[in-house]
Amino acid sequence: MKILVLNAGSSSLKFKLFESQKLKLIASGLIERIGEEKSNAKVDIFNSSKAKRIEQKIKIKDHRQAIDLMSKILVDSKYLKSLSELSAIGHRVVHGGELFKEPVLIKENVINAIKELTPLAPLHNPVNLTGIELAIEQAPNIPQIAVFDTAFHQTIPVAAYLYALPYKLYEKNKIRRYGFHGSSHSFVAKQAARHLDKNLEDINIISLHLGAGASVAAIRAGKSIDTSMGMTPLEGLIMGTRSGDLDPAIVFYLNRELGLSTAEIDELLNKQSGLKGITGNNDMRAIIEMAQHGEQRSKIAIEMFTYRVKKYIASYMAALGHTDIIIFTGGIGENSALIRELSSKGLEELGITLDQDKNLNINNGITEIQSNNSKIKILVIPTNEELEIATQTLQIITK
Ligand code: ADP
């Protein structure tokens with residue numbers, strides 16, 4: 001049993017190869033800057049003793065070349081004779097709209113549906129589809145499964161997913177909240193239940209995925225009931241380069257007073273805002289370092305970032321009614337004690353009290369960082385979206 005997980009981004013291809021029902025990781029790769037002069041391929045091959053890293057800096061002109069390179073590296077490493085030997089390929093697809101509430105076996109109609117959903121995710125769905133089509137070309141006889149970022153949030157009730165716009169915009173154009181990071185929120189929620197030896201059905205969780213993209217999910221009895229990202233991944237928390245929540249009238253102002261086109265405003269809000277907009281840098285690690293050296297804008301950015309996280313925690317406590325667990329995950333959530341501390345500070349009256357020492361001493365696995373008198377458990381859990389996609393792929397092919 002071998003399952004490959006593919007995540008095709010606009011200029012990148014991430015992949016992981018898993019083996020056996022236990023889904024042991026055998027290879028993990030990232031090909032970046034596809035289409036640029038100097039692309040970068042990094043693949044780690046794990047065997048029982050130690051990992052081997054293969055690195056190549058060559059021009060990779062498109063995703064076809066990237067997939068060819070991936071196959072070649074996997075075949076050269078002798079784990080595979082060809083992609084056709086795989087049991088299945090699981091694909092990350094960003095937008096499944098209202099059509100996909102679960103992962104599906106990819107057939108012609110699924111490809112067409114993903115295409116039709118392109119207006120909702122113009123940057124993501126087309127390149128996800130390219131990945132799917134190239135993988136089918138290389139391995140036409142094995143099952144290919146689509147796992148959607150939005151699917152986990154399809155349980156959100158109507159009052160939380162509708163925007164207060166003319167109702168026909170929902171009916172006709174499907175404008176509503178969808179939410180993203182589904183594989184991550186679902187993975188860490190299950191991990192939390194297992195760690196605490198509880199049934200997922202018996203616990204309520206607020207999951208904070210804080211990475212370059214960031215989102216919060218309110219999870220009741222294993223089901224998402226609200227999330228901070230909206231119709232697109234632009235809404236909600238402050239992110240690396242995305243603004244998150246803002247007054248929509250700012251968009252009219254930018255157009256009317258500054259003469260920016262919709263494409264320019266799109267670029268401004270998605271690529272030039274967030275941490276980058278405030279500090280000039282989208283990397284939280286660098287921002288924290290700058291703040292420690294007294295740089296004012298970095299200090300403000302950290303305050304803004306964590307202030308918004310706190311507002312979401314409190315509002316999702318209201319949405320859930322009762323909260324058992326708060327989870328920190330994603331590059332920032334897993335690695336920054338400072339951001340975890342500031343994001344929980346002042347929430348003691350709500351039953352959230354962090355233990356400073358535990359917060360500073362995180363291990364590789366799951367770490368509990370609440371103090372003994374905290375009503376709510378606070379967990380740091382490394383996310384693993386690819387493993388979640390592999391798990392869901394395995395479920396489909398063994399069903
Ligand atoms: P992506 O959403 O692209 O998967 P990640 O989850 O890897 O992104 O998160 C990337 C973010 O995590 C970056 O802002 C990076 O600076 C931040 N990060 C990684 N390590 C640390 C750290 N030790 N302290 C603070 N931030 C960190």
# chains A, B, ... in the order shown; residues from 1 in each chain; ligands from 1
>>> residues_near_ligand(ligand="ligand 1", cutoff="9 Å", atoms="only C-alpha atoms and all ligand atoms", output="PyMOL selection string")
chain A and resi 209-214+239-240+275+282-289+329-339+383
>>> select_by_dssp(residues="segment 65-140 of chain A", states="alpha helix (DSSP H)", output="PyMOL selection string")
chain A and resi 65-76+108-116+125-138
>>> closest_residue(among="A:Ile136, A:Val104, A:Leu25, A:Ile175", to="Phe148 of chain A", atoms="only C-alpha atoms")
A:Val104
>>> closest_residue(among="A:Gly222, A:Gly236, A:Gly346, A:Gly277", to="Ala192 of chain A", atoms="only C-alpha atoms")
A:Gly222
>>> residues_around(residues="Asp44 of chain A", least_positions_apart="2", cutoff="6 Å", atoms="only C-alpha atoms", output="PyMOL selection string")
chain A and resi 27-28+52-53
>>> write_last_selection(atoms="C-alpha atoms", output="short mmCIF file (atom, residue, chain, number, x, y, z; two decimals), in the first residue's frame")
data_model
loop_
_atom_site.label_atom_id
_atom_site.label_comp_id
_atom_site.auth_asym_id
_atom_site.auth_seq_id
_atom_site.Cartn_x
_atom_site.Cartn_y
_atom_site.Cartn_z
CA ALA A 27 9.33 10.75 1.14
CA SER A 28 8.51 14.41 1.41
CA LYS A 52 18.57 11.47 2.82
CA ARG A 53 18.11 14.88 1.21
#
>>> residues_around(residues="Asn173 of chain A", least_positions_apart="4", cutoff="10 Å", atoms="only C-alpha atoms", output="PDB file with all heavy atoms, in the first residue's frame")
ATOM      1  N   PRO A 119     -14.511  30.312 -10.345  1.00  0.00           N
ATOM      2  CA  PRO A 119     -14.759  31.708  -9.948  1.00  0.00           C
ATOM      3  C   PRO A 119     -14.623  31.931  -8.436  1.00  0.00           C
ATOM      4  O   PRO A 119     -14.306  33.028  -7.996  1.00  0.00           O
ATOM      5  CB  PRO A 119     -16.206  31.959 -10.398  1.00  0.00           C
ATOM      6  CG  PRO A 119     -16.448  30.959 -11.479  1.00  0.00           C
ATOM      7  CD  PRO A 119     -15.606  29.761 -11.152  1.00  0.00           C
ATOM      8  N   LEU A 120     -14.851  30.881  -7.643  1.00  0.00           N
ATOM      9  CA  LEU A 120     -14.725  31.032  -6.186  1.00  0.00           C
ATOM     10  C   LEU A 120     -13.266  30.975  -5.733  1.00  0.00           C
ATOM     11  O   LEU A 120     -12.933  31.444  -4.645  1.00  0.00           O
ATOM     12  CB  LEU A 120     -15.541  29.943  -5.467  1.00  0.00           C
ATOM     13  CG  LEU A 120     -17.070  30.043  -5.602  1.00  0.00           C
ATOM     14  CD1 LEU A 120     -17.739  28.828  -4.985  1.00  0.00           C
ATOM     15  CD2 LEU A 120     -17.583  31.313  -4.935  1.00  0.00           C
ATOM     16  N   TYR A 167     -30.323  38.016  -0.735  1.00  0.00           N
ATOM     17  CA  TYR A 167     -30.306  36.546  -0.654  1.00  0.00           C
ATOM     18  C   TYR A 167     -30.034  35.890  -2.006  1.00  0.00           C
ATOM     19  O   TYR A 167     -29.442  34.822  -2.088  1.00  0.00           O
ATOM     20  CB  TYR A 167     -31.637  36.056  -0.062  1.00  0.00           C
ATOM     21  CG  TYR A 167     -31.599  34.592   0.331  1.00  0.00           C
ATOM     22  CD1 TYR A 167     -30.935  34.183   1.487  1.00  0.00           C
ATOM     23  CD2 TYR A 167     -32.229  33.630  -0.452  1.00  0.00           C
ATOM     24  CE1 TYR A 167     -30.884  32.846   1.841  1.00  0.00           C
ATOM     25  CE2 TYR A 167     -32.180  32.291  -0.100  1.00  0.00           C
ATOM     26  CZ  TYR A 167     -31.511  31.899   1.049  1.00  0.00           C
ATOM     27  OH  TYR A 167     -31.454  30.572   1.407  1.00  0.00           O
ATOM     28  N   LYS A 168     -30.433  36.591  -3.079  1.00  0.00           N
ATOM     29  CA  LYS A 168     -30.255  35.952  -4.388  1.00  0.00           C
ATOM     30  C   LYS A 168     -28.771  35.801  -4.766  1.00  0.00           C
ATOM     31  O   LYS A 168     -28.423  34.958  -5.573  1.00  0.00           O
ATOM     32  CB  LYS A 168     -31.059  36.651  -5.478  1.00  0.00           C
ATOM     33  CG  LYS A 168     -30.636  38.048  -5.833  1.00  0.00           C
ATOM     34  CD  LYS A 168     -31.420  38.489  -7.081  1.00  0.00           C
ATOM     35  CE  LYS A 168     -30.922  39.789  -7.670  1.00  0.00           C
ATOM     36  NZ  LYS A 168     -31.042  40.946  -6.773  1.00  0.00           N
ATOM     37  N   LEU A 169     -27.904  36.603  -4.128  1.00  0.00           N
ATOM     38  CA  LEU A 169     -26.470  36.442  -4.401  1.00  0.00           C
ATOM     39  C   LEU A 169     -25.961  35.106  -3.849  1.00  0.00           C
ATOM     40  O   LEU A 169     -24.993  34.537  -4.358  1.00  0.00           O
ATOM     41  CB  LEU A 169     -25.663  37.591  -3.803  1.00  0.00           C
ATOM     42  CG  LEU A 169     -25.822  38.932  -4.509  1.00  0.00           C
ATOM     43  CD1 LEU A 169     -25.079  40.032  -3.757  1.00  0.00           C
ATOM     44  CD2 LEU A 169     -25.299  38.842  -5.950  1.00  0.00           C
TER      45      LEU A 169
END
>>> residues_around(residues="Leu196 of chain A", least_positions_apart="2", cutoff="12 Å", atoms="only C-alpha atoms", output="list in words")
Ala189, Lys190, Gln191, Ala192, Ala193, Arg194, Lys198, Asn199, Leu200, Asp202, Ile203, Asp324, Ile325, Ile366, Thr367, Glu368, Lys377, Ile378 and Leu379 of chain A
>>> write_last_selection(atoms="N, CA, C and O atoms", output="PDB file, in the first residue's frame")
ATOM      1  N   ALA A 189      -7.971  18.426  15.533  1.00  0.00           N
ATOM      2  CA  ALA A 189      -9.100  18.123  16.429  1.00  0.00           C
ATOM      3  C   ALA A 189      -9.075  16.638  16.811  1.00  0.00           C
ATOM      4  O   ALA A 189      -9.227  16.279  17.989  1.00  0.00           O
ATOM      5  N   LYS A 190      -8.845  15.779  15.818  1.00  0.00           N
ATOM      6  CA  LYS A 190      -8.780  14.337  16.107  1.00  0.00           C
ATOM      7  C   LYS A 190      -7.586  14.003  17.003  1.00  0.00           C
ATOM      8  O   LYS A 190      -7.682  13.181  17.906  1.00  0.00           O
ATOM      9  N   GLN A 191      -6.474  14.679  16.740  1.00  0.00           N
ATOM     10  CA  GLN A 191      -5.274  14.461  17.561  1.00  0.00           C
ATOM     11  C   GLN A 191      -5.542  14.847  19.022  1.00  0.00           C
ATOM     12  O   GLN A 191      -5.117  14.166  19.942  1.00  0.00           O
ATOM     13  N   ALA A 192      -6.258  15.960  19.208  1.00  0.00           N
ATOM     14  CA  ALA A 192      -6.546  16.429  20.566  1.00  0.00           C
ATOM     15  C   ALA A 192      -7.399  15.397  21.301  1.00  0.00           C
ATOM     16  O   ALA A 192      -7.132  15.057  22.456  1.00  0.00           O
ATOM     17  N   ALA A 193      -8.419  14.882  20.613  1.00  0.00           N
ATOM     18  CA  ALA A 193      -9.304  13.895  21.239  1.00  0.00           C
ATOM     19  C   ALA A 193      -8.503  12.654  21.630  1.00  0.00           C
ATOM     20  O   ALA A 193      -8.622  12.146  22.749  1.00  0.00           O
ATOM     21  N   ARG A 194      -7.660  12.213  20.714  1.00  0.00           N
ATOM     22  CA  ARG A 194      -6.863  11.010  20.997  1.00  0.00           C
ATOM     23  C   ARG A 194      -5.936  11.261  22.177  1.00  0.00           C
ATOM     24  O   ARG A 194      -5.836  10.458  23.080  1.00  0.00           O
ATOM     25  N   LYS A 198     -10.475  11.079  24.721  1.00  0.00           N
ATOM     26  CA  LYS A 198     -11.910  11.424  24.725  1.00  0.00           C
ATOM     27  C   LYS A 198     -12.493  11.107  23.354  1.00  0.00           C
ATOM     28  O   LYS A 198     -11.763  11.044  22.361  1.00  0.00           O
ATOM     29  N   ASN A 199     -13.801  10.968  23.300  1.00  0.00           N
ATOM     30  CA  ASN A 199     -14.453  10.891  21.995  1.00  0.00           C
ATOM     31  C   ASN A 199     -14.576  12.294  21.445  1.00  0.00           C
ATOM     32  O   ASN A 199     -14.979  13.211  22.172  1.00  0.00           O
ATOM     33  N   LEU A 200     -14.283  12.424  20.160  1.00  0.00           N
ATOM     34  CA  LEU A 200     -14.408  13.727  19.520  1.00  0.00           C
ATOM     35  C   LEU A 200     -15.835  14.276  19.711  1.00  0.00           C
ATOM     36  O   LEU A 200     -16.048  15.486  19.834  1.00  0.00           O
ATOM     37  N   ASP A 202     -17.601  14.214  22.187  1.00  0.00           N
ATOM     38  CA  ASP A 202     -17.881  14.715  23.535  1.00  0.00           C
ATOM     39  C   ASP A 202     -17.146  16.017  23.858  1.00  0.00           C
ATOM     40  O   ASP A 202     -17.190  16.478  24.999  1.00  0.00           O
ATOM     41  N   ILE A 203     -16.423  16.566  22.876  1.00  0.00           N
ATOM     42  CA  ILE A 203     -15.641  17.766  23.210  1.00  0.00           C
ATOM     43  C   ILE A 203     -15.863  18.908  22.208  1.00  0.00           C
ATOM     44  O   ILE A 203     -16.183  18.674  21.048  1.00  0.00           O
ATOM     45  N   ASP A 324     -13.924  23.194  25.587  1.00  0.00           N
ATOM     46  CA  ASP A 324     -13.027  22.327  26.358  1.00  0.00           C
ATOM     47  C   ASP A 324     -11.556  22.594  26.050  1.00  0.00           C
ATOM     48  O   ASP A 324     -10.716  22.506  26.926  1.00  0.00           O
ATOM     49  N   ILE A 325     -11.280  22.865  24.765  1.00  0.00           N
ATOM     50  CA  ILE A 325      -9.880  22.864  24.332  1.00  0.00           C
ATOM     51  C   ILE A 325      -9.620  24.002  23.349  1.00  0.00           C
ATOM     52  O   ILE A 325     -10.428  24.264  22.458  1.00  0.00           O
ATOM     53  N   ILE A 366       2.488  16.437  20.975  1.00  0.00           N
ATOM     54  CA  ILE A 366       1.434  17.309  21.501  1.00  0.00           C
ATOM     55  C   ILE A 366       1.846  17.781  22.889  1.00  0.00           C
ATOM     56  O   ILE A 366       2.267  16.978  23.713  1.00  0.00           O
ATOM     57  N   THR A 367       1.718  19.086  23.140  1.00  0.00           N
ATOM     58  CA  THR A 367       2.088  19.606  24.464  1.00  0.00           C
ATOM     59  C   THR A 367       0.903  20.359  25.060  1.00  0.00           C
ATOM     60  O   THR A 367       0.279  21.179  24.384  1.00  0.00           O
ATOM     61  N   GLU A 368       0.606  20.071  26.335  1.00  0.00           N
ATOM     62  CA  GLU A 368      -0.425  20.835  27.052  1.00  0.00           C
ATOM     63  C   GLU A 368       0.263  22.018  27.718  1.00  0.00           C
ATOM     64  O   GLU A 368       1.258  21.838  28.407  1.00  0.00           O
ATOM     65  N   LYS A 377      -8.364  23.487  28.411  1.00  0.00           N
ATOM     66  CA  LYS A 377      -7.031  22.972  28.075  1.00  0.00           C
ATOM     67  C   LYS A 377      -6.491  23.722  26.868  1.00  0.00           C
ATOM     68  O   LYS A 377      -7.240  24.049  25.940  1.00  0.00           O
ATOM     69  N   ILE A 378      -5.199  23.984  26.887  1.00  0.00           N
ATOM     70  CA  ILE A 378      -4.560  24.658  25.751  1.00  0.00           C
ATOM     71  C   ILE A 378      -3.494  23.710  25.205  1.00  0.00           C
ATOM     72  O   ILE A 378      -2.567  23.328  25.933  1.00  0.00           O
ATOM     73  N   LEU A 379      -3.658  23.300  23.963  1.00  0.00           N
ATOM     74  CA  LEU A 379      -2.735  22.318  23.387  1.00  0.00           C
ATOM     75  C   LEU A 379      -1.977  22.904  22.208  1.00  0.00           C
ATOM     76  O   LEU A 379      -2.532  23.657  21.408  1.00  0.00           O
TER      77      LEU A 379
END
>>> atom_distance(atom1="atom CA of Gly97 of chain A", atom2="atom CA of Ala66 of chain A")
27.8 Å
>>> residues_around(residues="Phe180 of chain A", least_positions_apart="4", cutoff="9 Å", atoms="only C-alpha atoms", output="list in words")
Val94, His95, Phe148, Asp149, Thr150, Ala151, Phe152, His153, Ser184, His185, Ser215, Thr227, Ser228, Met229, Gly230, Thr232 and Pro233 of chain A
